[in-house]
$ cat input-v6.csv   # CSV, C-alpha atoms
chain,number,residue,atom,x,y,z
A,1,MET,CA,7.4,-32.7,-19.8
A,2,SER,CA,7.8,-29.0,-19.1
A,3,THR,CA,4.5,-29.0,-17.2
A,4,VAL,CA,5.9,-31.7,-14.9
A,5,LYS,CA,9.1,-29.7,-14.5
A,6,ALA,CA,7.1,-26.6,-13.4
A,7,VAL,CA,5.2,-28.6,-10.8
A,8,LYS,CA,8.4,-30.1,-9.5
A,9,THR,CA,9.9,-26.6,-9.2
A,10,LYS,CA,7.0,-25.3,-7.2
A,11,LYS,CA,7.0,-28.3,-5.0
A,12,GLY,CA,10.7,-28.0,-4.5
A,13,LYS,CA,10.4,-24.4,-3.4
A,14,ILE,CA,7.8,-25.3,-0.8
A,15,GLU,CA,9.9,-28.1,0.4
A,16,ILE,CA,12.9,-25.8,0.7
A,17,ASP,CA,10.9,-23.3,2.8
A,18,VAL,CA,9.7,-26.0,5.1
A,19,GLU,CA,13.2,-27.4,5.4
A,20,ARG,CA,14.6,-24.0,6.1
A,21,TYR,CA,12.1,-23.3,8.9
A,22,ARG,CA,12.7,-26.8,10.4
A,23,SER,CA,16.5,-26.5,10.2
A,24,GLU,CA,16.4,-23.0,11.8
A,25,GLY,CA,14.2,-24.4,14.6
A,26,PHE,CA,11.4,-21.8,14.1
A,27,TRP,CA,8.5,-24.3,14.3
A,28,ASN,CA,7.5,-23.0,17.7
A,29,MET,CA,7.4,-19.4,16.6
A,30,LEU,CA,5.5,-20.3,13.4
A,31,ASN,CA,3.0,-22.3,15.6
A,32,GLN,CA,2.5,-19.3,17.9
A,33,LEU,CA,1.7,-17.1,15.0
A,34,ILE,CA,-0.8,-19.6,13.6
A,35,LEU,CA,-2.5,-19.9,17.0
A,36,CYS,CA,-2.6,-16.1,17.3
A,37,GLU,CA,-4.3,-15.9,13.9
A,38,ASN,CA,-6.8,-18.6,14.7
A,39,GLU,CA,-7.8,-16.9,17.9
A,40,LEU,CA,-8.6,-13.8,15.9
A,41,GLU,CA,-11.0,-15.6,13.6
A,42,TRP,CA,-14.6,-14.6,13.9
A,43,ASN,CA,-17.1,-17.2,14.8
A,44,ASP,CA,-20.2,-17.9,12.6
A,45,GLN,CA,-22.3,-15.3,14.3
A,46,GLY,CA,-19.7,-12.5,13.6
A,47,GLU,CA,-18.6,-12.3,17.2
A,48,LEU,CA,-15.1,-12.5,18.7
A,49,PRO,CA,-15.1,-13.7,22.3
A,50,PRO,CA,-12.8,-11.6,24.6
A,51,GLU,CA,-11.0,-14.7,25.7
A,52,ASN,CA,-9.9,-15.3,22.1
A,53,LEU,CA,-8.4,-11.8,22.1
A,54,SER,CA,-6.5,-12.5,25.3
A,55,LYS,CA,-5.1,-15.8,23.9
A,56,ALA,CA,-4.2,-14.2,20.6
A,57,LYS,CA,-2.4,-11.4,22.5
A,58,ARG,CA,-0.5,-13.9,24.6
A,59,TYR,CA,0.6,-15.9,21.5
A,60,ALA,CA,1.7,-12.7,19.7
A,61,GLU,CA,3.7,-11.5,22.7
A,62,GLU,CA,5.5,-14.8,22.9
A,63,VAL,CA,6.6,-14.4,19.3
A,64,MET,CA,7.8,-10.9,20.0
A,65,ASN,CA,10.2,-12.3,22.5
A,66,GLY,CA,11.8,-14.5,19.8
A,67,ASN,CA,14.8,-13.7,17.5
A,68,ASP,CA,13.3,-14.0,14.0
A,69,GLU,CA,12.6,-10.6,12.6
A,70,GLN,CA,10.0,-11.8,10.1
A,71,TYR,CA,7.9,-13.5,12.8
A,72,LYS,CA,8.3,-10.4,15.0
A,73,PHE,CA,7.0,-8.2,12.2
A,74,GLU,CA,4.0,-10.4,11.6
A,75,ALA,CA,3.3,-10.6,15.4
A,76,SER,CA,3.5,-6.8,15.6
A,77,VAL,CA,0.8,-6.5,12.9
A,78,LEU,CA,-1.4,-9.0,14.7
A,79,LEU,CA,-0.8,-7.1,18.0
A,80,GLY,CA,-1.9,-3.9,16.3
A,81,LYS,CA,-5.1,-5.6,15.2
A,82,ILE,CA,-5.6,-7.0,18.7
A,83,TYR,CA,-5.3,-3.6,20.3
A,84,TYR,CA,-7.7,-2.1,17.8
A,85,LEU,CA,-10.3,-4.9,18.5
A,86,GLN,CA,-9.8,-4.2,22.2
A,87,GLY,CA,-10.6,-0.6,21.7
A,88,ASN,CA,-7.0,0.6,22.4
A,89,SER,CA,-6.7,2.8,19.3
A,90,GLU,CA,-3.6,4.7,20.6
A,91,LYS,CA,-1.5,1.5,21.0
A,92,ALA,CA,-2.7,0.1,17.8
A,93,LEU,CA,-1.9,3.3,15.9
A,94,LYS,CA,1.6,3.5,17.5
A,95,ILE,CA,2.4,-0.1,16.6
A,96,LEU,CA,1.1,-0.1,13.0
A,97,SER,CA,2.5,3.3,12.2
A,98,SER,CA,6.0,2.2,13.3
A,99,LEU,CA,6.0,-0.9,11.0
A,100,ASN,CA,6.2,0.9,7.6
A,101,LEU,CA,3.6,-1.5,6.2
A,102,LEU,CA,3.7,-0.1,2.6
A,103,SER,CA,7.3,-1.1,2.1
A,104,ALA,CA,7.2,-4.5,3.9
A,105,LYS,CA,9.1,-7.2,2.1
A,106,MET,CA,9.4,-10.9,2.5
A,107,ASP,CA,11.4,-13.4,0.5
A,108,PRO,CA,9.7,-15.5,-0.8
A,109,ILE,CA,6.4,-13.6,-0.8
A,110,THR,CA,3.6,-15.7,0.5
A,111,LEU,CA,-0.2,-15.2,0.4
A,112,ARG,CA,-0.3,-15.4,4.2
A,113,PHE,CA,2.2,-12.5,4.5
A,114,ASN,CA,0.2,-10.4,2.0
A,115,TYR,CA,-3.0,-11.1,3.9
A,116,ILE,CA,-1.4,-10.0,7.3
A,117,VAL,CA,0.0,-6.8,5.7
A,118,SER,CA,-3.3,-6.0,4.0
A,119,GLU,CA,-5.2,-6.4,7.3
A,120,GLY,CA,-2.6,-4.2,9.0
A,121,LEU,CA,-3.0,-1.5,6.4
A,122,ALA,CA,-6.8,-1.7,6.6
A,123,VAL,CA,-6.7,-1.3,10.4
A,124,LEU,CA,-4.2,1.5,10.1
A,125,GLY,CA,-6.4,3.3,7.6
A,126,MET,CA,-9.4,3.0,9.9
A,127,LEU,CA,-7.4,4.3,12.8
A,128,LEU,CA,-6.2,7.3,10.8
A,129,LEU,CA,-9.7,8.1,9.8
A,130,LEU,CA,-10.8,8.1,13.4
A,131,ASN,CA,-8.1,10.5,14.4
$ encode --input "input-v6.csv" --output "C-alpha cells"
Amino acid sequence: MSTVKAVKTKKGKIEIDVERYRSEGFWNMLNQLILCENELEWNDQGELPPENLSKAKRYAEEVMNGNDEQYKFEASVLLGKIYYLQGNSEKALKILSSLNLLSAKMDPITLRFNYIVSEGLAVLGMLLLLN
C-alpha cells in the first residue's frame, strides 16, 4: 500500500505543477522555451544550421518579454548559449555572468532546469577560459 501511496504522491505533484502553469496562463511561454531548446539540438551529423540559431534566438527573446521570472531566467541562459554558438563571446559572457548560475534556485527543482543551468555553467566556463 505504501508503494501505491508514493506513486500517487509523485503523480499528484506533477499534476499540481501542470495545473499551476495552466492556471497561470504560462503555456505560451513554456512552449516558446521548448521550441527554443529544440532549435538548439544538434542534428545527427553534429551540425547546427544557422537558421535554427535564428529561430531559437527569436523564441528566447519572446520569452524575455514575458512576466515570469523563471522563464526569463531560462531564456537568458539559452540566449547566452545562442550568442556563444554564433561566435559573440562578449554578449554570451555578459549574459551568463549576470545570472549568478551557481546559486540559481527553482521550486520544485526539475531535471530540465538542472540541465539548462549545467549547460549555462559549461558555456560560461569555456568563455572564461578563452578570456
$ closest_residue --input "input-v6.csv" --among "A:Asp107, A:Glu47, A:Gly80, A:Lys55" --to "Lys94 in chain A" --atoms "all atoms listed in the file"
A:Gly80
$ closest_residue --input "input-v6.csv" --among "A:Thr110, A:Asn100, A:Gln70, A:Asn52" --to "Glu37 in chain A" --atoms "only C-alpha atoms"
A:Asn52
$ atom_distance --input "input-v6.csv" --atom1 "CA of Ala122 in chain A" --atom2 "CA of Glu51 in chain A"
23.5 Å
$ residues_around --input "input-v6.csv" --residues "Leu93 in chain A" --least-positions-apart "6" --cutoff "9 Å" --atoms "only C-alpha atoms" --output "list in words"
Gly80, Tyr83, Tyr84, Val123, Leu124, Leu127 and Leu128 of chain A
$ atom_distance --input "input-v6.csv" --atom1 "CA of Met106 in chain A" --atom2 "CA of Met126 in chain A"
24.5 Å
$ atom_distance --input "input-v6.csv" --atom1 "CA of Leu35 in chain A" --atom2 "CA of Phe113 in chain A"
15.3 Å
$ residues_near_point --input "input-v6.csv" --point "(-1.6, -16.1, 18.2)" --cutoff "9 Å" --atoms "only C-alpha atoms" --output "list of chain:residue names"
A:Asn31, A:Gln32, A:Leu33, A:Ile34, A:Leu35, A:Cys36, A:Glu37, A:Asn38, A:Glu39, A:Leu40, A:Leu53, A:Lys55, A:Ala56, A:Lys57, A:Arg58, A:Tyr59, A:Ala60, A:Glu61, A:Glu62, A:Val63, A:Ala75, A:Leu78
$ closest_residue --input "input-v6.csv" --among "A:Leu96, A:Ile116, A:Leu85, A:Leu79" --to "Met64 in chain A" --atoms "all atoms listed in the file"
A:Leu79
$ closest_residue --input "input-v6.csv" --among "A:Pro50, A:Gly66, A:Pro108, A:Gly120" --to "Gln86 in chain A" --atoms "all atoms listed in the file"
A:Pro50
$ closest_residue --input "input-v6.csv" --among "A:Ser54, A:Arg112, A:Ser97, A:Glu119" --to "Lys81 in chain A" --atoms "only C-alpha atoms"
A:Glu119
$ residues_around --input "input-v6.csv" --residues "Glu69 in chain A" --least-positions-apart "2" --cutoff "12 Å" --atoms "only C-alpha atoms" --output "number ranges by chain"
A: 26, 29, 63-67, 71-76, 99, 104-106
